[in-house]
Amino acid sequence: MKSFKQHIHSIFWVIAIAAVFSLVACTKQLDQTPQTNISDASFWNTPTDLSLACNYLYSYLPGLGGNDPSGIPAPYQDNYSEVGWGGAANSTSDGSRIAPASSNVWTGYYKLIRAANNIIQHAKGVKGDTVLIHKYVGEARFFRALGYFELVKRFGDVPLITVTLNLNDTSLFAHRTSRQQVLDTVYADLDYASNYCPQPDKQVATEYGRISATAALAFKSRIGLFEGTWDKFHNEGNAAKHLQIAIDASNAIIAGGKHSLYTGAGDSSYYYEFNYLNAATQMNYSYSTNKENILIRLYGQNQTNNISAHTFDRAGGTDGGVTATKAFVDAYLFKDGLPVGVSPYDSTSNQTSTLTIFRNRDPRFGMSFFNKTQTSMSISGVIQYKPGLSYNIRKYYTPLDWLPSTSFVNFNIIRYSEVLLNNAEAKFELNGSVSDADLNATINVIRNRASNNTPSRLPLLSNAFISSNGLDMRTEIRRERSVELAFEGFYYWDILRWKKAETVLPSMMLGQKYFPAEMTSVSGVQFTPDGFIILEQSSKRSFDPKRDYLWPLPTQELALNANLTQNPNW
């Protein structure tokens, strides 16, 4: 019996089959070419056929390579905000983008939705093990939910299509459906998946990486938090409903006890959560050895077991495709649990070296960014790392993969720490407060992993700590999320749902403080009076709150479907 990895290894063959069932018409991006090359009767017969069809859906998972419809690896999405910098101005970040003629995101996610609809529809006629049939329908419904959530968080109201269309269907020219109605369908899909997909401890080892019951619940908690806070801060919808959904879903995972944070590498566990634990085998991930990962993007093990290797640790990491700005570096706490401008350990204003900012920081700081005491790689081999304009991320980096520019480090799409963060934030936003017991069950579990259970390296968060130090609980909950989930593709979407983008995105983007003796040479660069590199002047940055919180629909779609309307002010 082939393992899931072996099936995914043959994904291009699977895509060739699945493409017959989810072609996109050249004249209509929202789908629909009838199936002609393979008859339904010859394919949709057994649960194995459903499994093969579902394998195609996994090619839409986000990752460290440009695999999903956006083509933008998840860490690069932080470059849409003020905390990430890819070496050039970004039209989403600086407000200069225009409505595109076409959109891979729009087209791609509707292709995913059609493929999922096709599986769901044809499963009704499949004979065999009903447990397996329900399982694969659950996978399809999970991916349909993923497609619709990715569309809603970008475009707002979108056409809701839950059946496979043909060229004569009037739904080809559907109106936009309210985001609330779309999300109700999404929640129903995830409920089905959580009911019929296996629990992670019941999932056979060869199917690690497939959708589990907890993956569906965790994704539901993500969506509930996103929409609940969107509704709350944008004065739309029903914030309490969605926040309660986030709480219930995350509570179920916490109470279920199927997941826990990875602590197998001691005080380096946070670093190895995103890297190989064993360089000899290049494997770090299985449910039996790491219960933190709820859903991952699999890339393989080596060249002979290559699923879809990526180049992120070179192109995105050391080559600076995605780096951190001063704004993000300043978000990290010091070892007393206090932030920049408050902690007596804060030396950001009187740096004497590029190492200064690493001293006395949250331990995750050193596990997330390179410093000059560490080695890096070049074509000629191992070299001493040399700081650049901004802060190169160390997360996901392994020298083993650098020279061949082929990496098999998996991407952790959903992990348990996010579930804990979702729970704490949703409870605070619903109730206006969060108890110490809830903090201990969520954020402090994360802090204990970061400090290796050493509070002198990072204190626990409590209401008394907030009060005695004049801090703000919402700010600290959000800070914890931003730091723990750094460069996993969350921050830009977080500032949109928090309605902070209009405040932070127009700000000047700064890089490192410049120390010529330590850093790569720079030319044509401007500096602040205190010596920080200016990556982009505030005069070149803007964010229109009446326009930019939603993305523009592609203009070709508007031309093809007169019932579609453009988002405001695009």
# chains A, B, ... in the order shown; residues from 1 in each chain; ligands from 1
call {"tool": "residues_around", "arguments": {"residues": "Tyr299 in chain A", "least_positions_apart": "5", "cutoff": "8 Å", "atoms": "only C-alpha atoms", "output": "list in words"}}
result
Asn306, Ile307, Ser308, Ala309, His310, Ser407, Phe408, Val409 and Asn410 of chain A
call {"tool": "residues_around", "arguments": {"residues": "range 117-123 of chain A", "least_positions_apart": "2", "cutoff": "8 Å", "atoms": "only C-alpha atoms", "output": "list in words"}}
result
Phe21, Ser22, Trp44, Leu50, Ala53, Cys54, Ile113, Arg114, Ala115, Gly125, Val126, Ile133, Val137, Ala140, Arg141, Arg144, Thr162, Val163 and Thr164 of chain A
call {"tool": "closest_residue", "arguments": {"among": "A:Gly95, A:Gly257, A:Pro73, A:Pro399", "to": "Pro506 in chain A", "atoms": "only C-alpha atoms"}}
result
A:Gly95
call {"tool": "residues_around", "arguments": {"residues": "Leu430 in chain A", "least_positions_apart": "4", "cutoff": "12 Å", "atoms": "only C-alpha atoms", "output": "number ranges by chain"}}
result
A: 224-225, 228-229, 231-232, 238-247, 422-426, 434, 474
call {"tool": "residues_around", "arguments": {"residues": "Arg541 in chain A", "least_positions_apart": "2", "cutoff": "8 Å", "atoms": "only C-alpha atoms", "output": "MDAnalysis selection string"}}
result
chainID A and resid 93:96 505:508 536:539 543
call {"tool": "select_by_dssp", "arguments": {"residues": "range 218-422 of chain A", "states": "strand (DSSP E)", "output": "PDB file with C-alpha atoms, in the first residue's frame"}}
result
ATOM      1  CA  ASN A 293       2.186  20.212  13.766  1.00  0.00           C
ATOM      2  CA  ILE A 294      -1.495  19.973  12.926  1.00  0.00           C
ATOM      3  CA  LEU A 295      -1.205  20.438   9.165  1.00  0.00           C
ATOM      4  CA  ILE A 296       2.012  20.610   7.172  1.00  0.00           C
ATOM      5  CA  ARG A 297       3.116  21.025   3.577  1.00  0.00           C
ATOM      6  CA  GLY A 300      10.052  15.118   0.811  1.00  0.00           C
ATOM      7  CA  GLN A 301      13.269  13.885   2.361  1.00  0.00           C
ATOM      8  CA  ASN A 302      16.057  14.020  -0.231  1.00  0.00           C
ATOM      9  CA  ASN A 305      12.360  11.135  -2.217  1.00  0.00           C
ATOM     10  CA  ASN A 306      11.636  14.576  -3.635  1.00  0.00           C
ATOM     11  CA  THR A 323      13.757  39.955   5.907  1.00  0.00           C
ATOM     12  CA  ALA A 324      12.632  41.819   9.005  1.00  0.00           C
ATOM     13  CA  THR A 375      28.047  31.091  10.026  1.00  0.00           C
ATOM     14  CA  SER A 376      26.182  31.202   6.757  1.00  0.00           C
ATOM     15  CA  MET A 377      26.820  29.728   3.335  1.00  0.00           C
ATOM     16  CA  SER A 378      28.112  30.878  -0.016  1.00  0.00           C
ATOM     17  CA  GLY A 381      31.315  27.136   1.327  1.00  0.00           C
ATOM     18  CA  VAL A 382      30.849  28.107   4.969  1.00  0.00           C
ATOM     19  CA  ILE A 383      31.379  31.812   5.697  1.00  0.00           C
ATOM     20  CA  GLN A 384      30.841  34.151   8.613  1.00  0.00           C
ATOM     21  CA  TYR A 391      17.530  41.531   9.448  1.00  0.00           C
ATOM     22  CA  ASN A 392      17.886  38.205   7.651  1.00  0.00           C
ATOM     23  CA  PHE A 411       6.099  24.173   6.117  1.00  0.00           C
ATOM     24  CA  ASN A 412       3.970  24.114   9.266  1.00  0.00           C
ATOM     25  CA  ILE A 413       0.663  25.441   7.951  1.00  0.00           C
ATOM     26  CA  ILE A 414      -1.248  25.004  11.205  1.00  0.00           C
ATOM     27  CA  ARG A 415       0.482  24.277  14.491  1.00  0.00           C
TER      28      ARG A 415
END
call {"tool": "residues_around", "arguments": {"residues": "Pro529 in chain A", "least_positions_apart": "5", "cutoff": "12 Å", "atoms": "only C-alpha atoms", "output": "PyMOL selection string"}}
result
chain A and resi 349+513-514+534
call {"tool": "write_last_selection", "arguments": {"atoms": "C-alpha atoms", "output": "short mmCIF file (atom, residue, chain, number, x, y, z; two decimals), in the first residue's frame"}}
result
data_model
loop_
_atom_site.label_atom_id
_atom_site.label_comp_id
_atom_site.auth_asym_id
_atom_site.auth_seq_id
_atom_site.Cartn_x
_atom_site.Cartn_y
_atom_site.Cartn_z
CA SER A 349 18.72 53.63 21.15
CA LYS A 513 21.53 50.59 12.31
CA TYR A 514 24.55 50.91 10.07
CA ILE A 534 15.86 53.93 5.44
#
call {"tool": "closest_residue", "arguments": {"among": "A:Gly470, A:Leu172, A:Gly256, A:Lys500", "to": "Asp201 in chain A", "atoms": "only C-alpha atoms"}}
result
A:Gly256
call {"tool": "residues_around", "arguments": {"residues": "range 451-467 of chain A", "least_positions_apart": "6", "cutoff": "8 Å", "atoms": "only C-alpha atoms", "output": "PyMOL selection string"}}
result
chain A and resi 266-267+334-337+360-363+435-436+439-440+443-444+473
call {"tool": "closest_residue", "arguments": {"among": "A:Glu82, A:Glu476, A:Glu207, A:Glu139", "to": "Ser542 in chain A", "atoms": "only C-alpha atoms"}}
result
A:Glu82
call {"tool": "closest_residue", "arguments": {"among": "A:Glu418, A:Asp49, A:Asp530, A:Asp68", "to": "Phe219 in chain A", "atoms": "only C-alpha atoms"}}
result
A:Glu418
call {"tool": "closest_residue", "arguments": {"among": "A:Tyr58, A:Phe527, A:Trp570, A:Phe274", "to": "Asp544 in chain A", "atoms": "only C-alpha atoms"}}
result
A:Trp570
call {"tool": "select_by_dssp", "arguments": {"residues": "range 239-334 of chain A", "states": "alpha helix (DSSP H)", "output": "MDAnalysis selection string"}}
result
chainID A and resid 239:256 269:272 326:329
call {"tool": "residues_around", "arguments": {"residues": "range 312-321 of chain A", "least_positions_apart": "4", "cutoff": "7 Å", "atoms": "only C-alpha atoms", "output": "ChimeraX atom specification"}}
result
/A:64-65,86-87,392-394,396-398,402,405
call {"tool": "write_last_selection", "arguments": {"atoms": "N, CA and C atoms", "output": "JSON list (two decimals), in the first residue's frame"}}
result
[["chain", "number", "residue", "atom", "x", "y", "z"],
["A", 64, "LEU", "N", 6.48, 27.00, 1.65],
["A", 64, "LEU", "CA", 7.72, 27.77, 1.56],
["A", 64, "LEU", "C", 8.13, 27.97, 0.11],
["A", 65, "GLY", "N", 7.56, 27.17, -0.78],
["A", 65, "GLY", "CA", 7.71, 27.40, -2.21],
["A", 65, "GLY", "C", 6.44, 28.05, -2.71],
["A", 86, "GLY", "N", 11.64, 42.77, 1.15],
["A", 86, "GLY", "CA", 12.25, 41.84, 0.21],
["A", 86, "GLY", "C", 13.28, 42.46, -0.69],
["A", 87, "GLY", "N", 13.79, 43.63, -0.30],
["A", 87, "GLY", "CA", 14.84, 44.26, -1.10],
["A", 87, "GLY", "C", 14.32, 45.23, -2.13],
["A", 392, "ASN", "N", 18.15, 39.47, 8.32],
["A", 392, "ASN", "CA", 17.89, 38.21, 7.65],
["A", 392, "ASN", "C", 17.33, 37.18, 8.63],
["A", 393, "ILE", "N", 16.29, 36.47, 8.19],
["A", 393, "ILE", "CA", 15.66, 35.50, 9.08],
["A", 393, "ILE", "C", 16.42, 34.18, 9.06],
["A", 394, "ARG", "N", 16.55, 33.60, 10.23],
["A", 394, "ARG", "CA", 17.22, 32.31, 10.41],
["A", 394, "ARG", "C", 16.20, 31.16, 10.41],
["A", 396, "TYR", "N", 13.75, 28.49, 9.36],
["A", 396, "TYR", "CA", 13.72, 27.58, 8.22],
["A", 396, "TYR", "C", 15.11, 27.31, 7.61],
["A", 397, "TYR", "N", 16.14, 28.02, 8.06],
["A", 397, "TYR", "CA", 17.45, 27.90, 7.41],
["A", 397, "TYR", "C", 18.20, 26.66, 7.85],
["A", 398, "THR", "N", 18.74, 25.94, 6.90],
["A", 398, "THR", "CA", 19.65, 24.84, 7.19],
["A", 398, "THR", "C", 20.77, 24.85, 6.16],
["A", 402, "TRP", "N", 21.59, 24.62, 1.46],
["A", 402, "TRP", "CA", 21.86, 25.89, 0.81],
["A", 402, "TRP", "C", 22.56, 25.72, -0.52],
["A", 405, "SER", "N", 20.65, 24.44, -3.26],
["A", 405, "SER", "CA", 19.45, 25.26, -3.38],
["A", 405, "SER", "C", 18.21, 24.38, -3.53]]
call {"tool": "closest_residue", "arguments": {"among": "A:Ala562, A:Ala205, A:Ile161, A:Val186", "to": "Ser286 in chain A", "atoms": "only C-alpha atoms"}}
result
A:Ala205
call {"tool": "atom_distance", "arguments": {"atom1": "CA of Ile446 in chain A", "atom2": "CA of Arg222 in chain A"}}
result
17.4 Å
call {"tool": "decode", "arguments": {"residues": "range 90-119 of chain A", "atoms": "N, CA and C atoms", "output": "mmCIF file, in the first residue's frame"}}
result
data_model
loop_
_atom_site.group_PDB
_atom_site.id
_atom_site.type_symbol
_atom_site.label_atom_id
_atom_site.label_comp_id
_atom_site.auth_asym_id
_atom_site.auth_seq_id
_atom_site.Cartn_x
_atom_site.Cartn_y
_atom_site.Cartn_z
ATOM 1 N N ASN A 90 7.160 47.268 -2.346
ATOM 2 C CA ASN A 90 6.092 46.303 -2.552
ATOM 3 C C ASN A 90 4.784 47.056 -2.761
ATOM 4 N N SER A 91 4.109 46.795 -3.878
ATOM 5 C CA SER A 91 2.938 47.603 -4.220
ATOM 6 C C SER A 91 1.774 47.389 -3.262
ATOM 7 N N THR A 92 1.673 46.215 -2.641
ATOM 8 C CA THR A 92 0.628 46.002 -1.642
ATOM 9 C C THR A 92 0.954 46.753 -0.365
ATOM 10 N N SER A 93 2.213 46.707 0.025
ATOM 11 C CA SER A 93 2.644 47.372 1.247
ATOM 12 C C SER A 93 2.602 48.884 1.122
ATOM 13 N N ASP A 94 3.020 49.411 -0.035
ATOM 14 C CA ASP A 94 3.131 50.873 -0.130
ATOM 15 C C ASP A 94 1.909 51.543 -0.755
ATOM 16 N N GLY A 95 0.864 50.750 -1.058
ATOM 17 C CA GLY A 95 -0.388 51.330 -1.526
ATOM 18 C C GLY A 95 -0.400 51.740 -2.980
ATOM 19 N N SER A 96 0.535 51.252 -3.794
ATOM 20 C CA SER A 96 0.624 51.701 -5.182
ATOM 21 C C SER A 96 -0.018 50.740 -6.183
ATOM 22 N N ARG A 97 -0.566 49.631 -5.726
ATOM 23 C CA ARG A 97 -1.122 48.661 -6.669
ATOM 24 C C ARG A 97 -2.401 49.184 -7.312
ATOM 25 N N ILE A 98 -2.734 48.614 -8.445
ATOM 26 C CA ILE A 98 -3.967 48.949 -9.157
ATOM 27 C C ILE A 98 -4.759 47.655 -9.372
ATOM 28 N N ALA A 99 -6.013 47.803 -9.751
ATOM 29 C CA ALA A 99 -6.839 46.624 -10.012
ATOM 30 C C ALA A 99 -6.249 45.857 -11.188
ATOM 31 N N PRO A 100 -5.971 44.564 -11.026
ATOM 32 C CA PRO A 100 -5.341 43.795 -12.095
ATOM 33 C C PRO A 100 -6.360 43.326 -13.125
ATOM 34 N N ALA A 101 -5.875 43.036 -14.324
ATOM 35 C CA ALA A 101 -6.761 42.468 -15.340
ATOM 36 C C ALA A 101 -7.160 41.048 -14.958
ATOM 37 N N SER A 102 -6.205 40.271 -14.458
ATOM 38 C CA SER A 102 -6.485 38.899 -14.047
ATOM 39 C C SER A 102 -5.834 38.646 -12.703
ATOM 40 N N SER A 103 -6.219 37.567 -12.078
ATOM 41 C CA SER A 103 -5.702 37.261 -10.747
ATOM 42 C C SER A 103 -5.550 35.755 -10.590
ATOM 43 N N ASN A 104 -4.318 35.295 -10.362
ATOM 44 C CA ASN A 104 -4.099 33.879 -10.087
ATOM 45 C C ASN A 104 -4.800 33.444 -8.815
ATOM 46 N N VAL A 105 -4.936 34.377 -7.857
ATOM 47 C CA VAL A 105 -5.609 34.049 -6.607
ATOM 48 C C VAL A 105 -7.080 33.744 -6.873
ATOM 49 N N TRP A 106 -7.755 34.636 -7.580
ATOM 50 C CA TRP A 106 -9.172 34.441 -7.879
ATOM 51 C C TRP A 106 -9.376 33.159 -8.693
ATOM 52 N N THR A 107 -8.641 33.049 -9.783
ATOM 53 C CA THR A 107 -8.782 31.888 -10.660
ATOM 54 C C THR A 107 -8.380 30.601 -9.955
ATOM 55 N N GLY A 108 -7.251 30.649 -9.256
ATOM 56 C CA GLY A 108 -6.714 29.446 -8.629
ATOM 57 C C GLY A 108 -7.610 28.882 -7.563
ATOM 58 N N TYR A 109 -8.144 29.750 -6.697
ATOM 59 C CA TYR A 109 -8.987 29.228 -5.628
ATOM 60 C C TYR A 109 -10.341 28.756 -6.152
ATOM 61 N N TYR A 110 -10.837 29.355 -7.235
ATOM 62 C CA TYR A 110 -12.053 28.802 -7.816
ATOM 63 C C TYR A 110 -11.793 27.467 -8.525
ATOM 64 N N LYS A 111 -10.579 27.286 -9.042
ATOM 65 C CA LYS A 111 -10.224 25.951 -9.562
ATOM 66 C C LYS A 111 -10.233 24.926 -8.428
ATOM 67 N N LEU A 112 -9.665 25.309 -7.297
ATOM 68 C CA LEU A 112 -9.670 24.414 -6.141
ATOM 69 C C LEU A 112 -11.098 24.094 -5.719
ATOM 70 N N ILE A 113 -11.940 25.119 -5.648
ATOM 71 C CA ILE A 113 -13.327 24.930 -5.221
ATOM 72 C C ILE A 113 -14.062 24.008 -6.198
ATOM 73 N N ARG A 114 -13.828 24.194 -7.492
ATOM 74 C CA ARG A 114 -14.503 23.327 -8.451
ATOM 75 C C ARG A 114 -14.026 21.880 -8.315
ATOM 76 N N ALA A 115 -12.731 21.683 -8.131
ATOM 77 C CA ALA A 115 -12.218 20.328 -7.954
ATOM 78 C C ALA A 115 -12.824 19.676 -6.715
ATOM 79 N N ALA A 116 -12.932 20.454 -5.626
ATOM 80 C CA ALA A 116 -13.536 19.925 -4.397
ATOM 81 C C ALA A 116 -15.017 19.617 -4.608
ATOM 82 N N ASN A 117 -15.732 20.521 -5.256
ATOM 83 C CA ASN A 117 -17.149 20.277 -5.549
ATOM 84 C C ASN A 117 -17.332 19.004 -6.368
ATOM 85 N N ASN A 118 -16.434 18.798 -7.319
ATOM 86 C CA ASN A 118 -16.536 17.633 -8.186
ATOM 87 C C ASN A 118 -16.385 16.334 -7.401
ATOM 88 N N ILE A 119 -15.452 16.321 -6.457
ATOM 89 C CA ILE A 119 -15.253 15.137 -5.615
ATOM 90 C C ILE A 119 -16.484 14.902 -4.743
#
